[in-house]
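Text of protein15.txt (compact mmCIF, C-alpha atoms) as supplied:
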```
# COMPACT_ATOMS: atom_id res chain seq x y z
CA ASP R 1 -49.13 -22.51 -78.71
CA ILE R 2 -50.30 -26.06 -79.32
CA GLN R 3 -52.37 -27.33 -76.40
CA MET R 4 -52.01 -30.97 -75.44
CA THR R 5 -54.91 -32.57 -73.57
CA GLN R 6 -54.60 -35.97 -71.92
CA SER R 7 -57.36 -38.21 -70.67
CA PRO R 8 -58.01 -39.46 -68.17
CA SER R 9 -56.16 -37.37 -65.57
CA SER R 10 -55.82 -40.46 -63.43
CA LEU R 11 -56.85 -44.07 -63.49
CA SER R 12 -56.77 -47.07 -61.23
CA ALA R 13 -55.54 -50.38 -62.54
CA SER R 14 -54.22 -53.73 -61.45
CA VAL R 15 -51.10 -55.67 -62.30
CA GLY R 16 -51.65 -57.44 -65.61
CA ASP R 17 -54.22 -54.95 -66.90
CA ARG R 18 -54.19 -53.29 -70.29
CA VAL R 19 -54.21 -49.52 -69.90
CA THR R 20 -54.82 -46.86 -72.53
CA ILE R 21 -54.04 -43.15 -72.20
CA THR R 22 -55.19 -40.64 -74.78
CA CYS R 23 -53.52 -37.41 -75.87
CA ARG R 24 -55.14 -34.85 -78.16
CA ALA R 25 -53.39 -31.91 -79.80
CA SER R 26 -55.15 -28.62 -80.50
CA GLN R 27 -53.90 -28.79 -84.10
CA SER R 28 -52.26 -31.39 -86.28
CA ILE R 29 -48.75 -32.30 -85.19
CA SER R 30 -48.18 -35.08 -87.73
CA SER R 31 -46.33 -37.78 -85.75
CA TYR R 32 -44.25 -35.42 -83.62
CA LEU R 33 -45.52 -36.80 -80.35
CA ASN R 34 -43.46 -38.21 -77.50
CA TRP R 35 -44.44 -40.02 -74.31
CA TYR R 36 -42.62 -39.74 -70.98
CA GLN R 37 -42.91 -41.66 -67.73
CA GLN R 38 -42.24 -40.00 -64.39
CA LYS R 39 -42.03 -41.74 -61.05
CA PRO R 40 -42.34 -39.82 -57.75
CA GLY R 41 -39.22 -37.83 -56.96
CA LYS R 42 -37.57 -38.75 -60.26
CA ALA R 43 -36.97 -37.05 -63.57
CA PRO R 44 -39.15 -38.06 -66.50
CA LYS R 45 -37.78 -40.49 -69.05
CA VAL R 46 -38.80 -40.89 -72.65
CA LEU R 47 -40.69 -44.06 -73.56
CA ILE R 48 -41.98 -43.44 -77.07
CA TYR R 49 -40.92 -40.93 -79.71
CA THR R 50 -42.50 -39.86 -83.00
CA ALA R 51 -45.78 -41.38 -81.85
CA SER R 52 -44.86 -45.05 -82.11
CA ARG R 53 -41.11 -45.62 -81.90
CA LEU R 54 -39.88 -47.33 -78.75
CA GLN R 55 -36.93 -45.63 -77.07
CA SER R 56 -33.93 -47.88 -76.64
CA GLY R 57 -34.13 -49.97 -73.48
CA VAL R 58 -37.87 -49.47 -72.96
CA SER R 59 -40.11 -52.49 -72.51
CA PRO R 60 -42.16 -53.48 -75.59
CA ARG R 61 -45.28 -53.59 -73.42
CA PHE R 62 -45.44 -49.83 -74.07
CA ILE R 63 -47.10 -49.15 -77.41
CA GLY R 64 -47.70 -45.76 -78.98
CA SER R 65 -50.00 -45.00 -81.86
CA GLY R 66 -51.74 -42.16 -83.65
CA SER R 67 -51.06 -39.23 -85.92
CA GLY R 68 -52.48 -35.81 -86.65
CA THR R 69 -54.27 -34.75 -83.48
CA ASP R 70 -55.12 -38.01 -81.68
CA PHE R 71 -52.63 -40.31 -80.00
CA THR R 72 -52.67 -43.18 -77.54
CA LEU R 73 -50.23 -44.85 -75.20
CA THR R 74 -51.14 -48.43 -74.37
CA ILE R 75 -49.49 -50.48 -71.66
CA ILE R 76 -50.06 -54.20 -72.12
CA GLY R 77 -49.75 -56.34 -69.03
CA LEU R 78 -49.23 -53.60 -66.45
CA GLN R 79 -46.30 -54.27 -64.13
CA PRO R 80 -45.72 -52.90 -60.60
CA GLU R 81 -42.97 -50.60 -61.89
CA ASP R 82 -45.40 -49.03 -64.38
CA PHE R 83 -47.37 -47.18 -61.73
CA ALA R 84 -46.33 -43.64 -62.50
CA THR R 85 -47.40 -40.44 -64.22
CA TYR R 86 -47.30 -40.29 -68.01
CA TYR R 87 -46.95 -37.16 -70.11
CA CYS R 88 -47.36 -36.60 -73.81
CA GLN R 89 -45.32 -33.84 -75.49
CA GLN R 90 -45.37 -32.36 -78.98
CA SER R 91 -42.17 -31.58 -80.82
CA TYR R 92 -43.87 -30.35 -84.00
CA ILE R 93 -43.33 -26.69 -83.31
CA THR R 94 -41.91 -24.47 -80.59
CA PRO R 95 -42.85 -23.78 -77.91
CA TRP R 96 -42.71 -27.48 -77.19
CA THR R 97 -45.64 -28.32 -74.93
CA PHE R 98 -46.67 -31.12 -72.60
CA GLY R 99 -49.99 -32.62 -71.68
CA GLN R 100 -51.10 -32.23 -68.08
CA GLY R 101 -50.22 -35.81 -67.20
CA THR R 102 -52.05 -39.05 -66.44
CA THR R 103 -51.37 -40.83 -63.18
CA VAL R 104 -51.69 -44.61 -63.21
CA GLU R 105 -52.46 -45.81 -59.70
CA ILE R 106 -52.87 -49.19 -58.14
CA GLN W 1 -22.46 -42.29 -70.48
CA VAL W 2 -23.66 -38.72 -70.66
CA GLN W 3 -24.95 -37.20 -67.44
CA LEU W 4 -26.48 -33.87 -66.58
CA GLN W 5 -26.29 -32.25 -63.15
CA GLU W 6 -28.11 -29.12 -62.05
CA SER W 7 -26.63 -26.84 -59.40
CA GLY W 8 -27.57 -23.56 -57.77
CA PRO W 9 -29.28 -21.99 -54.77
CA GLY W 10 -32.29 -23.79 -53.37
CA LEU W 11 -33.84 -20.60 -52.02
CA VAL W 12 -34.31 -17.30 -53.83
CA LYS W 13 -36.03 -14.16 -52.54
CA PRO W 14 -38.96 -12.64 -54.42
CA SER W 15 -37.98 -10.11 -57.12
CA GLN W 16 -34.45 -11.52 -57.29
CA THR W 17 -32.86 -13.58 -60.08
CA LEU W 18 -32.83 -17.36 -60.05
CA SER W 19 -29.54 -18.71 -61.44
CA LEU W 20 -28.91 -22.37 -62.19
CA THR W 21 -26.12 -24.22 -63.96
CA CYS W 22 -26.19 -27.58 -65.71
CA THR W 23 -22.92 -29.49 -66.03
CA VAL W 24 -22.60 -31.98 -68.86
CA SER W 25 -20.27 -34.92 -68.34
CA GLY W 26 -19.50 -38.41 -69.57
CA GLY W 27 -18.76 -38.28 -73.26
CA SER W 28 -20.93 -35.55 -74.69
CA THR W 29 -19.86 -31.97 -74.92
CA ILE W 30 -21.87 -28.82 -74.94
CA SER W 31 -20.65 -28.26 -78.51
CA ASP W 32 -22.30 -31.41 -79.82
CA ASN W 33 -25.31 -31.04 -82.10
CA TYR W 34 -28.01 -30.96 -79.44
CA TYR W 35 -30.62 -28.71 -77.93
CA TRP W 36 -29.88 -27.98 -74.27
CA SER W 37 -33.09 -27.10 -72.44
CA TRP W 38 -34.54 -26.20 -69.09
CA VAL W 39 -37.87 -27.67 -67.95
CA ARG W 40 -39.58 -26.94 -64.66
CA GLN W 41 -42.25 -28.60 -62.56
CA PRO W 42 -44.05 -26.82 -59.72
CA PRO W 43 -44.72 -29.08 -56.73
CA GLY W 44 -47.52 -31.51 -57.52
CA LYS W 45 -48.03 -30.11 -61.01
CA GLY W 46 -47.07 -30.81 -64.61
CA LEU W 47 -44.07 -30.02 -66.79
CA GLU W 48 -43.32 -26.66 -68.41
CA TRP W 49 -40.59 -26.13 -70.98
CA ILE W 50 -38.66 -22.93 -70.28
CA GLY W 51 -36.40 -22.69 -73.31
CA TYR W 52 -33.33 -24.04 -75.06
CA ILE W 53 -29.93 -23.08 -76.26
CA TYR W 54 -28.62 -24.80 -79.36
CA TYR W 55 -24.98 -25.83 -79.60
CA THR W 56 -24.41 -22.87 -81.93
CA GLY W 57 -25.53 -20.51 -79.18
CA SER W 58 -28.90 -19.66 -80.66
CA THR W 59 -31.76 -19.63 -78.19
CA TYR W 60 -35.51 -20.03 -78.07
CA TYR W 61 -37.51 -19.09 -75.01
CA ASN W 62 -41.06 -20.00 -74.07
CA PRO W 63 -43.13 -16.88 -74.82
CA SER W 64 -44.77 -17.17 -71.42
CA LEU W 65 -41.40 -16.49 -69.75
CA ARG W 66 -39.44 -14.82 -72.53
CA SER W 67 -39.11 -11.40 -70.94
CA ARG W 68 -37.43 -12.86 -67.86
CA ILE W 69 -35.15 -15.59 -69.22
CA ILE W 70 -31.57 -15.82 -70.33
CA ILE W 71 -30.01 -19.17 -71.21
CA SER W 72 -26.30 -19.19 -71.92
CA LEU W 73 -23.54 -21.62 -72.85
CA ASP W 74 -20.04 -22.01 -71.44
CA THR W 75 -18.24 -24.39 -73.76
CA SER W 76 -14.98 -24.27 -71.81
CA LYS W 77 -16.76 -25.60 -68.74
CA THR W 78 -19.23 -27.85 -70.61
CA GLN W 79 -22.03 -26.05 -68.83
CA PHE W 80 -25.15 -24.17 -69.70
CA SER W 81 -27.03 -21.84 -67.42
CA LEU W 82 -30.46 -20.41 -66.71
CA ASN W 83 -31.17 -16.96 -65.35
CA LEU W 84 -34.79 -16.18 -64.49
CA SER W 85 -35.33 -12.65 -63.24
CA SER W 86 -37.99 -11.01 -61.08
CA VAL W 87 -39.09 -14.28 -59.51
CA THR W 88 -42.27 -14.76 -57.52
CA ALA W 89 -43.67 -17.65 -55.53
CA ALA W 90 -45.13 -18.97 -58.80
CA ASP W 91 -41.59 -19.76 -59.93
CA THR W 92 -41.12 -22.27 -57.12
CA ALA W 93 -40.47 -25.56 -58.86
CA VAL W 94 -38.10 -28.42 -59.54
CA TYR W 95 -35.89 -27.27 -62.39
CA TYR W 96 -34.50 -29.87 -64.78
CA CYS W 97 -31.83 -29.48 -67.42
CA THR W 98 -32.19 -31.69 -70.47
CA LYS W 99 -30.49 -32.66 -73.70
CA GLY W 100 -32.29 -33.47 -76.93
CA THR W 101 -32.91 -33.17 -80.62
CA THR W 102 -35.80 -31.76 -82.63
CA THR W 103 -37.33 -35.26 -82.68
CA ILE W 104 -36.86 -35.99 -78.98
CA PRO W 105 -36.30 -32.61 -77.33
CA PHE W 106 -35.82 -34.17 -73.89
CA ASP W 107 -34.04 -37.50 -74.34
CA LEU W 108 -31.84 -37.10 -71.27
CA TRP W 109 -32.67 -35.37 -68.01
CA GLY W 110 -30.74 -34.23 -64.98
CA HIS W 111 -31.99 -35.28 -61.54
CA GLY W 112 -33.61 -31.89 -61.00
CA THR W 113 -33.16 -29.26 -58.32
CA LEU W 114 -35.86 -27.70 -56.19
CA VAL W 115 -35.84 -23.92 -56.10
CA THR W 116 -38.12 -22.21 -53.60
CA VAL W 117 -38.98 -18.54 -53.91
CA SER W 118 -39.61 -17.13 -50.48
CA SER W 119 -38.53 -14.25 -48.29
```
Kindly present the structure from the file in structure tokens form.
Amino acid sequence: DIQMTQSPSSLSASVGDRVTITCRASQSISSYLNWYQQKPGKAPKVLIYTASRLQSGVSPRFIGSGSGTDFTLTIIGLQPEDFATYYCQQSYITPWTFGQGTTVEI
Amino acid sequence: QVQLQESGPGLVKPSQTLSLTCTVSGGSTISDNYYWSWVRQPPGKGLEWIGYIYYTGSTYYNPSLRSRIIISLDTSKTQFSLNLSSVTAADTAVYYCTKGTTTIPFDLWGHGTLVTVSS
């Protein structure tokens, strides 16, 4: 299985901040990397797919980048509704696997 | 718009079989060209993909759970189901059904249903 490792596990930030979350795959996954946002008590929703493509309806303040084994999710100008947990997920090969999550706290 | 809704018992006894159903509604059918998956999340923990069934009926199960899983399709009812046998407390989780493609395996999620394994 491909292991996905996110860092940090949690971070504190303020409204308006620029936040960066890192995801590393245990082997190359090309650009088959997706990012999800989950708020407490809610199902996750996809933000970014294939490393850098913005899902329809998602704010452009979410930016994904990377390829191979190293990926980042950047949130520019953090908004109150962005405080949540973020997961990366590889779709390069089954079993599809998730990172352990990064919680963005106020 | 397409919606997914999980249903099933919220409490299952140890060693028994957990059975959940996902109903697809709102414009997409279970026969459309998608992967229909189950994902679970233990309380306070991360996400684990359980397995999928493709619209053709072919399945892939996470090796970590493979010996205990059956995912099936009911096209007449636009539903797909999960059976997880020999459950233990470690199977207590919120179970989500999802729809997706190979590029975005989980592009739509149900609301999730909490299943507790306890005697």
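Counting all atoms listed in the file and comparing R:Thr102, R:Ser12, R:Thr50, R:Thr5, the residue that lies closest to Ile29 of chain R is R:Thr50.
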- Task: Pull out every residue of chain R sitting within 8 Å of chain W, counting all atoms listed in the file, and send them as a PyMOL selection string.
- Result: chain R and resi 32+34+42-46+49-50+91+94-101
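The space separating atom CA of Thr72 of chain R from atom CA of Gln27 of chain R comes to 15.9 Å.
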- atom CA of Tyr35 of chain W sits from atom CA of Leu114 of chain W at a separation of 22.4 Å
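Candidate residues W:Thr75, W:Glu6, W:Val117, W:Ala90 were compared for distance to Val39 of chain W, and the nearest is W:Glu6, using only C-alpha atoms.
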- Task: For atom CA of Lys13 of chain W and atom CA of Val87 of chain W, determine how far apart the two atoms are, in Å to one decimal place.
- Result: 7.6 Å
- Taking (-23.5, -24.8, -71.6) in the file's coordinates as the center, which residues reach within 10 Å of it, counting all atoms listed in the file, put as a list in words? Thr21, Cys22, Thr23, Val24, Thr29, Ile30, Ser31, Trp36, Ser37, Ile53, Tyr54, Tyr55, Gly57, Ile71, Ser72, Leu73, Asp74, Thr75, Ser76, Lys77, Thr78, Gln79, Phe80, Ser81 and Leu82 of chain W
Could I get segment 1-19 of chain W from the block written out with N, CA, C and O atoms, as a short mmCIF file (atom, residue, chain, number, x, y, z; two decimals), in the first residue's frame?
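Saved to selection23.cif:
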```cif
data_model
loop_
_atom_site.label_atom_id
_atom_site.label_comp_id
_atom_site.auth_asym_id
_atom_site.auth_seq_id
_atom_site.Cartn_x
_atom_site.Cartn_y
_atom_site.Cartn_z
N GLN W 1 -30.12 17.14 -8.09
CA GLN W 1 -28.73 16.74 -8.04
C GLN W 1 -28.62 15.41 -7.32
O GLN W 1 -29.47 15.05 -6.51
N VAL W 2 -27.53 14.71 -7.62
CA VAL W 2 -27.34 13.39 -7.06
C VAL W 2 -27.12 13.47 -5.56
O VAL W 2 -26.40 14.34 -5.06
N GLN W 3 -27.77 12.54 -4.84
CA GLN W 3 -27.59 12.45 -3.40
C GLN W 3 -27.39 10.99 -3.01
O GLN W 3 -27.90 10.08 -3.67
N LEU W 4 -26.63 10.81 -1.94
CA LEU W 4 -26.40 9.49 -1.39
C LEU W 4 -26.88 9.46 0.05
O LEU W 4 -26.67 10.42 0.79
N GLN W 5 -27.53 8.37 0.44
CA GLN W 5 -28.05 8.27 1.80
C GLN W 5 -27.78 6.89 2.36
O GLN W 5 -28.28 5.89 1.82
N GLU W 6 -27.03 6.85 3.46
CA GLU W 6 -26.75 5.58 4.12
C GLU W 6 -27.90 5.21 5.05
O GLU W 6 -28.55 6.09 5.65
N SER W 7 -28.13 3.92 5.21
CA SER W 7 -29.12 3.46 6.17
C SER W 7 -28.69 2.10 6.71
O SER W 7 -27.99 1.33 6.04
N GLY W 8 -29.16 1.81 7.94
CA GLY W 8 -28.82 0.55 8.57
C GLY W 8 -28.78 0.69 10.08
O GLY W 8 -28.92 1.80 10.61
N PRO W 9 -28.60 -0.42 10.76
CA PRO W 9 -28.59 -0.40 12.23
C PRO W 9 -27.46 0.45 12.79
O PRO W 9 -26.35 0.44 12.25
N GLY W 10 -27.73 1.15 13.87
CA GLY W 10 -26.70 1.95 14.51
C GLY W 10 -25.92 1.18 15.57
O GLY W 10 -24.90 1.67 16.05
N LEU W 11 -26.40 0.00 15.90
CA LEU W 11 -25.75 -0.81 16.93
C LEU W 11 -25.68 -2.26 16.46
O LEU W 11 -26.69 -2.83 16.02
N VAL W 12 -24.48 -2.82 16.51
CA VAL W 12 -24.26 -4.20 16.11
C VAL W 12 -23.47 -4.91 17.22
O VAL W 12 -22.55 -4.31 17.80
N LYS W 13 -23.82 -6.15 17.49
CA LYS W 13 -23.13 -6.90 18.53
C LYS W 13 -21.81 -7.48 18.00
O LYS W 13 -21.70 -7.81 16.81
N PRO W 14 -20.83 -7.59 18.88
CA PRO W 14 -19.56 -8.22 18.45
C PRO W 14 -19.80 -9.59 17.86
O PRO W 14 -20.68 -10.33 18.30
N SER W 15 -19.00 -9.91 16.83
CA SER W 15 -19.01 -11.16 16.07
C SER W 15 -20.14 -11.22 15.04
O SER W 15 -20.14 -12.14 14.21
N GLN W 16 -21.07 -10.27 15.08
CA GLN W 16 -22.15 -10.29 14.11
C GLN W 16 -21.73 -9.55 12.83
O GLN W 16 -20.60 -9.10 12.69
N THR W 17 -22.67 -9.45 11.88
CA THR W 17 -22.40 -8.81 10.60
C THR W 17 -23.04 -7.43 10.55
O THR W 17 -24.23 -7.28 10.84
N LEU W 18 -22.24 -6.46 10.17
CA LEU W 18 -22.70 -5.10 9.97
C LEU W 18 -23.23 -4.99 8.54
O LEU W 18 -22.51 -5.36 7.59
N SER W 19 -24.45 -4.51 8.39
CA SER W 19 -25.05 -4.38 7.05
C SER W 19 -25.57 -2.97 6.85
O SER W 19 -26.40 -2.50 7.63
#
```
